[in-house]
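Asks: Mind having a look at this structure? Questions to follow.
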Amino acid sequence: GGAMAAKRGALIVLEGVDKAGKTTQCNKLVQALQQSGRPAEMMRFPDRTTTIGQLISSYLEKRTELEDHAVHLLFSANRWELVPSMKRKLEQGITLVVDRYAFSGVAFTSVKPGFCLDWCMKPDVGLPKPDLVMFLQLSSAEAARRGHFGEERYETSDFQKAVQQKFEQLMKDESVNWQVIDASQDVESVHLDIVGHSHGAIRLAQDVPLGELWK
Ligand code: FDM
């Protein structure tokens with residue numbers, strides 16, 4: 001681009017098992033960035049508002065059955081359909097704070113019988129690469145203390161434990177900028193950790209082009 005090109009925004013992802021406080025923390029981060037004069041927007045995956053997202057939502061609410069491979073590809077397609085708008089926003093200097101991304105996609109499907117990490121990662125290869133992925137770490141005992149799981153598919157303690165192990169495998173990949181956040185702290189302390197990491201990522205993202213995930 002020309003000398004006047006605006007600095008790009010950062011792509012920041014929050015991941016973690018249920019009850020870790022991802023959605024609360026995404027909202028608080030966006031608010032804090034906006035208040036300090038940095039343009040920021042929140043996104044979440046699955047984005048249930050699109051046509052593909054409605055199929056996924058119906059599956060999660062157990063109103064429809066879908067074959068496991070097919071629904072995995074729908075989750076991935078739901079990310080790809082948002083890529084043009086994500087890139088546009090990042091180029092405009094907007095930082096995107098994303099509640100779940102491809103890592104949830106891989107972690108949740110790969111615990112199902114007959115799936116391996118490698119197959120699960122393939123459809124998401126080449127997605128915009130997050131500048132920072134914060135994993136909100138919470139023990140299953142602490143998650144249980146925070147109340148009952150909901151009624152949606154996957155919302156059981158055994159499934160979540162298996163998902164946690166898959167996240168741990170994914171976090172060994174050093175091509176991704178993972179930061180583990182202790183989500184057992186109070187909301188404000190977690191928030192301060194997240195804001196600290198995010199400012200660093202936003203500063204670094206200004207000077208490097210957006211990467212491609214797992215490529
Ligand atoms: N989930 C989420 C997947 O199985 N694959 C994916 O690619 C993504 C993004 O969908 F159980 C699962 C994870 C979770 C559910 O719940 C979405 P929330 O409450 O909308 O985050």
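Residues in the structure tokens are numbered from 1 in each chain, the chains being A, B, ... in the order shown, and ligands are numbered from 1 in the order shown.
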Sorted by chain and rising residue number, list the residues of chain A at most 9 Å from ligand 1 (counting only C-alpha atoms and all ligand atoms), each with its closest atom pair and distance in Å to one decimal, as CSV.
Replies:
```
residue,atom,partner,partner_atom_place_in_ligand_line,distance
A:Val17,CA,ligand 1,13 (C),8.4
A:Asp18,CA,ligand 1,19 (O),7.6
A:Lys22,CA,ligand 1,21 (O),8.4
A:Thr23,CA,ligand 1,21 (O),7.9
A:Arg44,CA,ligand 1,21 (O),7.4
A:Phe45,CA,ligand 1,9 (C),4.4
A:Pro46,CA,ligand 1,9 (C),4.7
A:Asp47,CA,ligand 1,20 (O),8.0
A:Arg48,CA,ligand 1,20 (O),8.0
A:Ile56,CA,ligand 1,10 (O),8.1
A:Ser57,CA,ligand 1,17 (C),8.2
A:Leu60,CA,ligand 1,15 (C),6.7
A:Val71,CA,ligand 1,4 (O),8.3
A:His72,CA,ligand 1,5 (N),6.5
A:Leu73,CA,ligand 1,7 (O),8.6
A:Leu74,CA,ligand 1,7 (O),8.2
A:Phe75,CA,ligand 1,7 (O),4.6
A:Ser76,CA,ligand 1,7 (O),6.1
A:Asn78,CA,ligand 1,7 (O),8.3
A:Arg79,CA,ligand 1,7 (O),8.0
A:Asp99,CA,ligand 1,21 (O),7.1
A:Arg100,CA,ligand 1,9 (C),5.2
A:Tyr101,CA,ligand 1,9 (C),5.1
A:Ala102,CA,ligand 1,7 (O),5.6
A:Phe103,CA,ligand 1,7 (O),7.2
A:Ser104,CA,ligand 1,8 (C),4.9
A:Gly105,CA,ligand 1,7 (O),3.0
A:Val106,CA,ligand 1,7 (O),6.7
A:Ala107,CA,ligand 1,4 (O),7.6
A:Phe108,CA,ligand 1,4 (O),4.7
A:Thr109,CA,ligand 1,4 (O),6.0
A:Glu152,CA,ligand 1,11 (F),7.4
A:Arg153,CA,ligand 1,11 (F),6.6
A:Tyr154,CA,ligand 1,11 (F),5.3
A:Glu155,CA,ligand 1,11 (F),6.5
A:Gln160,CA,ligand 1,11 (F),8.7
```
Asks: Those same residues, written as a PDB file, in the first residue's frame with C-alpha atoms?
Replies:
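Output file selection.pdb is given in full below:
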```pdb
ATOM      1  CA  VAL A  17     -13.902 -24.556  27.753  1.00  0.00           C
ATOM      2  CA  ASP A  18     -17.444 -23.647  28.794  1.00  0.00           C
ATOM      3  CA  LYS A  22     -14.994 -15.977  27.226  1.00  0.00           C
ATOM      4  CA  THR A  23     -18.048 -13.952  26.240  1.00  0.00           C
ATOM      5  CA  ARG A  44     -18.268 -14.835  17.689  1.00  0.00           C
ATOM      6  CA  PHE A  45     -18.158 -18.256  16.095  1.00  0.00           C
ATOM      7  CA  PRO A  46     -20.403 -19.891  15.284  1.00  0.00           C
ATOM      8  CA  ASP A  47     -22.056 -16.749  13.892  1.00  0.00           C
ATOM      9  CA  ARG A  48     -25.620 -18.006  14.122  1.00  0.00           C
ATOM     10  CA  ILE A  56     -25.416 -24.938  13.058  1.00  0.00           C
ATOM     11  CA  SER A  57     -27.641 -23.339  15.674  1.00  0.00           C
ATOM     12  CA  LEU A  60     -26.513 -27.283  18.673  1.00  0.00           C
ATOM     13  CA  VAL A  71     -21.339 -30.311  10.629  1.00  0.00           C
ATOM     14  CA  HIS A  72     -17.579 -29.865  11.069  1.00  0.00           C
ATOM     15  CA  LEU A  73     -17.388 -28.487   7.538  1.00  0.00           C
ATOM     16  CA  LEU A  74     -20.358 -26.201   8.214  1.00  0.00           C
ATOM     17  CA  PHE A  75     -18.564 -24.687  11.243  1.00  0.00           C
ATOM     18  CA  SER A  76     -15.533 -24.088   9.008  1.00  0.00           C
ATOM     19  CA  ASN A  78     -19.231 -20.317   8.704  1.00  0.00           C
ATOM     20  CA  ARG A  79     -15.743 -18.898   9.374  1.00  0.00           C
ATOM     21  CA  ASP A  99     -15.189 -15.453  20.830  1.00  0.00           C
ATOM     22  CA  ARG A 100     -14.026 -18.931  19.591  1.00  0.00           C
ATOM     23  CA  TYR A 101     -12.355 -19.692  16.246  1.00  0.00           C
ATOM     24  CA  ALA A 102     -10.869 -22.669  14.374  1.00  0.00           C
ATOM     25  CA  PHE A 103      -9.329 -24.003  17.614  1.00  0.00           C
ATOM     26  CA  SER A 104     -12.789 -24.708  19.028  1.00  0.00           C
ATOM     27  CA  GLY A 105     -13.664 -26.230  15.679  1.00  0.00           C
ATOM     28  CA  VAL A 106     -10.794 -28.724  15.913  1.00  0.00           C
ATOM     29  CA  ALA A 107     -11.057 -29.371  19.656  1.00  0.00           C
ATOM     30  CA  PHE A 108     -14.783 -30.148  19.636  1.00  0.00           C
ATOM     31  CA  THR A 109     -14.885 -32.372  16.540  1.00  0.00           C
ATOM     32  CA  GLU A 152     -27.129 -27.578  24.205  1.00  0.00           C
ATOM     33  CA  ARG A 153     -25.157 -30.324  22.527  1.00  0.00           C
ATOM     34  CA  TYR A 154     -21.613 -30.822  23.970  1.00  0.00           C
ATOM     35  CA  GLU A 155     -22.581 -29.241  27.320  1.00  0.00           C
ATOM     36  CA  GLN A 160     -15.660 -30.643  28.106  1.00  0.00           C
TER      37      GLN A 160
END
```
Asks: How would you write, as a VMD selection string, the set of residues in region 11-214 of chain A that DSSP gives as strand (DSSP E or B)?
Replies: chain A and resid 11 to 16 40 to 44 95 to 99 128 to 129 132 to 137 178 to 182 211 to 212
Asks: Those residues you just picked out, can you put them in a file as a short mmCIF file (atom, residue, chain, number, x, y, z; two decimals), in the first residue's frame with N, CA, C and O atoms?
Replies:
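Output (again_22.cif):
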```cif
data_model
loop_
_atom_site.label_atom_id
_atom_site.label_comp_id
_atom_site.auth_asym_id
_atom_site.auth_seq_id
_atom_site.Cartn_x
_atom_site.Cartn_y
_atom_site.Cartn_z
N LEU A 11 -6.06 -9.26 15.05
CA LEU A 11 -7.06 -10.33 15.17
C LEU A 11 -6.77 -11.07 16.49
O LEU A 11 -5.74 -11.72 16.62
N ILE A 12 -7.67 -10.89 17.43
CA ILE A 12 -7.48 -11.43 18.78
C ILE A 12 -8.58 -12.44 19.08
O ILE A 12 -9.76 -12.14 18.92
N VAL A 13 -8.19 -13.65 19.47
CA VAL A 13 -9.16 -14.72 19.70
C VAL A 13 -9.14 -15.14 21.18
O VAL A 13 -8.07 -15.23 21.79
N LEU A 14 -10.31 -15.37 21.73
CA LEU A 14 -10.41 -15.98 23.07
C LEU A 14 -10.97 -17.39 22.92
O LEU A 14 -11.99 -17.59 22.26
N GLU A 15 -10.26 -18.34 23.52
CA GLU A 15 -10.71 -19.73 23.50
C GLU A 15 -10.78 -20.25 24.93
O GLU A 15 -10.26 -19.62 25.86
N GLY A 16 -11.37 -21.41 25.10
CA GLY A 16 -11.45 -22.01 26.43
C GLY A 16 -12.68 -22.89 26.52
O GLY A 16 -13.54 -22.84 25.64
N ALA A 40 -12.47 -1.14 17.81
CA ALA A 40 -12.53 -2.58 18.05
C ALA A 40 -13.96 -3.07 17.92
O ALA A 40 -14.92 -2.34 18.21
N GLU A 41 -14.10 -4.29 17.44
CA GLU A 41 -15.42 -4.91 17.32
C GLU A 41 -15.35 -6.35 17.79
O GLU A 41 -14.33 -7.00 17.64
N MET A 42 -16.46 -6.84 18.32
CA MET A 42 -16.52 -8.24 18.74
C MET A 42 -17.18 -9.09 17.66
O MET A 42 -18.04 -8.63 16.93
N MET A 43 -16.69 -10.31 17.55
CA MET A 43 -17.34 -11.31 16.69
C MET A 43 -17.42 -12.60 17.48
O MET A 43 -16.68 -12.78 18.45
N ARG A 44 -18.27 -13.52 17.05
CA ARG A 44 -18.27 -14.84 17.69
C ARG A 44 -18.52 -15.93 16.66
O ARG A 44 -19.20 -15.71 15.66
N THR A 95 -9.59 -3.53 15.30
CA THR A 95 -9.17 -4.75 15.98
C THR A 95 -10.40 -5.63 16.20
O THR A 95 -11.44 -5.16 16.66
N LEU A 96 -10.28 -6.91 15.84
CA LEU A 96 -11.40 -7.84 16.01
C LEU A 96 -11.14 -8.73 17.22
O LEU A 96 -10.07 -9.35 17.32
N VAL A 97 -12.10 -8.78 18.11
CA VAL A 97 -12.03 -9.63 19.30
C VAL A 97 -13.03 -10.76 19.07
O VAL A 97 -14.23 -10.52 18.95
N VAL A 98 -12.51 -11.98 18.96
CA VAL A 98 -13.33 -13.09 18.47
C VAL A 98 -13.52 -14.15 19.57
O VAL A 98 -12.56 -14.68 20.11
N ASP A 99 -14.79 -14.44 19.84
CA ASP A 99 -15.19 -15.45 20.83
C ASP A 99 -15.25 -16.79 20.10
O ASP A 99 -16.19 -17.05 19.36
N PRO A 128 -7.53 -16.30 8.14
CA PRO A 128 -6.73 -15.25 8.77
C PRO A 128 -6.17 -15.76 10.08
O PRO A 128 -6.89 -16.34 10.90
N LYS A 129 -4.85 -15.58 10.27
CA LYS A 129 -4.19 -16.10 11.46
C LYS A 129 -4.29 -15.09 12.60
O LYS A 129 -3.91 -13.93 12.43
N LEU A 132 -3.02 -13.12 18.23
CA LEU A 132 -2.97 -13.54 19.64
C LEU A 132 -4.16 -14.46 19.92
O LEU A 132 -5.28 -14.14 19.53
N VAL A 133 -3.89 -15.59 20.53
CA VAL A 133 -4.98 -16.47 21.00
C VAL A 133 -4.83 -16.64 22.50
O VAL A 133 -3.82 -17.19 22.96
N MET A 134 -5.80 -16.16 23.24
CA MET A 134 -5.75 -16.32 24.70
C MET A 134 -6.64 -17.48 25.10
O MET A 134 -7.82 -17.52 24.76
N PHE A 135 -6.02 -18.44 25.81
CA PHE A 135 -6.77 -19.60 26.28
C PHE A 135 -7.15 -19.38 27.74
O PHE A 135 -6.27 -19.29 28.60
N LEU A 136 -8.44 -19.26 28.00
CA LEU A 136 -8.90 -19.05 29.37
C LEU A 136 -8.95 -20.40 30.08
O LEU A 136 -9.84 -21.21 29.84
N GLN A 137 -7.95 -20.59 30.93
CA GLN A 137 -7.75 -21.89 31.59
C GLN A 137 -8.60 -21.97 32.86
O GLN A 137 -8.55 -21.07 33.70
N TRP A 178 -0.01 -18.36 21.37
CA TRP A 178 -0.92 -18.72 22.48
C TRP A 178 -0.50 -18.01 23.77
O TRP A 178 0.69 -17.96 24.08
N GLN A 179 -1.46 -17.56 24.53
CA GLN A 179 -1.21 -17.09 25.89
C GLN A 179 -2.25 -17.74 26.78
O GLN A 179 -3.44 -17.69 26.47
N VAL A 180 -1.80 -18.38 27.84
CA VAL A 180 -2.73 -19.01 28.77
C VAL A 180 -3.08 -18.01 29.87
O VAL A 180 -2.19 -17.40 30.47
N ILE A 181 -4.37 -17.82 30.09
CA ILE A 181 -4.86 -16.88 31.10
C ILE A 181 -5.51 -17.68 32.23
O ILE A 181 -6.31 -18.59 31.95
N ASP A 182 -5.17 -17.37 33.46
CA ASP A 182 -5.78 -18.04 34.61
C ASP A 182 -7.20 -17.50 34.82
O ASP A 182 -7.38 -16.43 35.42
N GLY A 211 -1.28 -12.99 8.88
CA GLY A 211 -0.79 -14.30 8.49
C GLY A 211 -1.90 -15.25 8.05
O GLY A 211 -3.08 -14.90 8.07
N GLU A 212 -1.48 -16.46 7.64
CA GLU A 212 -2.43 -17.51 7.26
C GLU A 212 -2.32 -18.65 8.27
O GLU A 212 -1.22 -19.17 8.49
#
```
Asks: From the list A:Met171, A:Leu213, A:Met86, A:Ala162, which residue is nearest Lys122 (chain A) when using only C-alpha atoms?
Replies: A:Leu213
Asks: Could you give me, as a list in words, the residues within 10 Å of region 201-204 of chain A, counting only C-alpha atoms and dropping anything in the same chain fewer than 4 positions from it?
Replies: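 Here the answer would be Lys7, Arg8, Gly9, Ala10, Leu11, Ile12, Arg38, Gly93, Thr95, Pro130, Asp131, Leu132, Val133, Asn177, Val195, Gly196, His197 and Val208 of chain A.
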Asks: Kindly save the residues from that selection, with all heavy atoms included, as a short mmCIF file (atom, residue, chain, number, x, y, z; two decimals), in the first residue's frame.
Replies:
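The resulting file, part-v9.cif, is shown below:
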```cif
data_model
loop_
_atom_site.label_atom_id
_atom_site.label_comp_id
_atom_site.auth_asym_id
_atom_site.auth_seq_id
_atom_site.Cartn_x
_atom_site.Cartn_y
_atom_site.Cartn_z
N LYS A 7 -2.68 1.74 9.67
CA LYS A 7 -2.18 0.54 10.33
C LYS A 7 -3.34 -0.43 10.48
O LYS A 7 -4.44 -0.03 10.84
CB LYS A 7 -1.64 0.92 11.72
CG LYS A 7 -0.60 2.01 11.69
CD LYS A 7 0.77 1.44 11.48
CE LYS A 7 1.86 2.48 11.73
NZ LYS A 7 3.18 1.97 11.38
N ARG A 8 -3.05 -1.73 10.26
CA ARG A 8 -4.16 -2.69 10.38
C ARG A 8 -4.49 -2.98 11.85
O ARG A 8 -3.67 -2.78 12.73
CB ARG A 8 -3.82 -3.99 9.64
CG ARG A 8 -2.81 -4.88 10.33
CD ARG A 8 -2.77 -6.25 9.66
NE ARG A 8 -1.74 -7.10 10.22
CZ ARG A 8 -1.94 -7.97 11.21
NH1 ARG A 8 -3.14 -8.07 11.79
NH2 ARG A 8 -0.95 -8.72 11.65
N GLY A 9 -5.70 -3.45 12.04
CA GLY A 9 -6.11 -3.89 13.37
C GLY A 9 -5.55 -5.27 13.66
O GLY A 9 -5.02 -5.94 12.76
N ALA A 10 -5.68 -5.69 14.90
CA ALA A 10 -5.21 -7.02 15.29
C ALA A 10 -6.37 -7.99 15.34
O ALA A 10 -7.51 -7.61 15.60
CB ALA A 10 -4.54 -6.95 16.66
N LEU A 11 -6.06 -9.26 15.05
CA LEU A 11 -7.06 -10.33 15.17
C LEU A 11 -6.77 -11.07 16.49
O LEU A 11 -5.74 -11.72 16.62
CB LEU A 11 -6.96 -11.27 13.97
CG LEU A 11 -7.94 -12.45 13.95
CD1 LEU A 11 -9.39 -11.98 14.04
CD2 LEU A 11 -7.73 -13.29 12.68
N ILE A 12 -7.67 -10.89 17.43
CA ILE A 12 -7.48 -11.43 18.78
C ILE A 12 -8.58 -12.44 19.08
O ILE A 12 -9.76 -12.14 18.92
CB ILE A 12 -7.52 -10.28 19.83
CG1 ILE A 12 -6.35 -9.31 19.57
CG2 ILE A 12 -7.48 -10.84 21.25
CD1 ILE A 12 -6.36 -8.08 20.46
N ARG A 38 -9.10 3.00 20.64
CA ARG A 38 -8.73 2.05 19.59
C ARG A 38 -9.99 1.42 19.03
O ARG A 38 -10.75 0.80 19.78
CB ARG A 38 -7.82 0.96 20.15
CG ARG A 38 -6.47 1.46 20.63
CD ARG A 38 -5.70 0.31 21.26
NE ARG A 38 -4.42 0.75 21.77
CZ ARG A 38 -4.23 1.34 22.94
NH1 ARG A 38 -5.28 1.57 23.74
NH2 ARG A 38 -3.03 1.71 23.33
N GLY A 93 -8.19 -0.84 10.14
CA GLY A 93 -7.59 -0.50 11.43
C GLY A 93 -8.43 -0.95 12.61
O GLY A 93 -8.13 -0.61 13.76
N THR A 95 -9.59 -3.53 15.30
CA THR A 95 -9.17 -4.75 15.98
C THR A 95 -10.40 -5.63 16.20
O THR A 95 -11.44 -5.16 16.66
CB THR A 95 -8.47 -4.41 17.30
OG1 THR A 95 -7.16 -3.92 16.99
CG2 THR A 95 -8.33 -5.62 18.23
N PRO A 130 -4.78 -15.54 13.75
CA PRO A 130 -4.87 -14.60 14.88
C PRO A 130 -3.48 -14.08 15.27
O PRO A 130 -2.51 -14.84 15.25
CB PRO A 130 -5.46 -15.44 16.01
CG PRO A 130 -6.10 -16.61 15.34
CD PRO A 130 -5.31 -16.85 14.09
N ASP A 131 -3.41 -12.82 15.62
CA ASP A 131 -2.16 -12.26 16.15
C ASP A 131 -1.94 -12.72 17.58
O ASP A 131 -0.80 -12.71 18.07
CB ASP A 131 -2.22 -10.73 16.08
CG ASP A 131 -2.35 -10.25 14.65
OD1 ASP A 131 -1.37 -10.40 13.90
OD2 ASP A 131 -3.45 -9.79 14.26
N LEU A 132 -3.02 -13.12 18.23
CA LEU A 132 -2.97 -13.54 19.64
C LEU A 132 -4.16 -14.46 19.92
O LEU A 132 -5.28 -14.14 19.53
CB LEU A 132 -3.05 -12.29 20.54
CG LEU A 132 -3.27 -12.49 22.03
CD1 LEU A 132 -2.07 -13.20 22.67
CD2 LEU A 132 -3.50 -11.13 22.71
N VAL A 133 -3.89 -15.59 20.53
CA VAL A 133 -4.98 -16.47 21.00
C VAL A 133 -4.83 -16.64 22.50
O VAL A 133 -3.82 -17.19 22.96
CB VAL A 133 -4.95 -17.87 20.34
CG1 VAL A 133 -6.20 -18.66 20.73
CG2 VAL A 133 -4.83 -17.77 18.83
N ASN A 177 0.46 -17.80 18.33
CA ASN A 177 0.80 -17.01 19.52
C ASN A 177 -0.23 -17.26 20.64
O ASN A 177 -1.17 -16.50 20.80
CB ASN A 177 0.87 -15.52 19.14
CG ASN A 177 1.20 -14.62 20.32
OD1 ASN A 177 1.67 -15.09 21.37
ND2 ASN A 177 0.93 -13.34 20.17
N VAL A 195 -6.19 -7.43 28.77
CA VAL A 195 -5.89 -6.11 28.20
C VAL A 195 -4.39 -5.96 27.97
O VAL A 195 -3.96 -5.48 26.91
CB VAL A 195 -6.43 -4.98 29.11
CG1 VAL A 195 -5.85 -3.63 28.72
CG2 VAL A 195 -7.95 -4.94 29.06
N GLY A 196 -3.59 -6.43 28.93
CA GLY A 196 -2.14 -6.33 28.79
C GLY A 196 -1.64 -7.05 27.55
O GLY A 196 -0.91 -6.48 26.73
N HIS A 197 -2.04 -8.31 27.39
CA HIS A 197 -1.62 -9.07 26.22
C HIS A 197 -2.14 -8.43 24.92
O HIS A 197 -1.45 -8.44 23.90
CB HIS A 197 -2.14 -10.51 26.32
CG HIS A 197 -1.42 -11.34 27.34
ND1 HIS A 197 -0.08 -11.66 27.22
CD2 HIS A 197 -1.85 -11.92 28.48
CE1 HIS A 197 0.27 -12.40 28.26
NE2 HIS A 197 -0.77 -12.57 29.05
N VAL A 208 3.29 -5.92 10.87
CA VAL A 208 3.43 -7.17 10.11
C VAL A 208 2.12 -7.49 9.40
O VAL A 208 1.03 -7.20 9.91
CB VAL A 208 3.82 -8.37 11.02
CG1 VAL A 208 5.22 -8.21 11.56
CG2 VAL A 208 2.82 -8.56 12.12
#
```
Asks: Which residue out of A:Thr24, A:Gln165, A:Ser184, A:Ser110 has the minimum interatomic distance to Ala144 (chain A) when only C-alpha atoms are used?
Replies: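 Of all the options, A:Ser184 lies closest to Ala144 (chain A).
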Asks: DSSP on the backbone, alpha helix (DSSP H) only: what residues of region 164-214 of chain A does that give? Format it as a PyMOL selection string.
Replies: chain A and resi 164-170+187-205
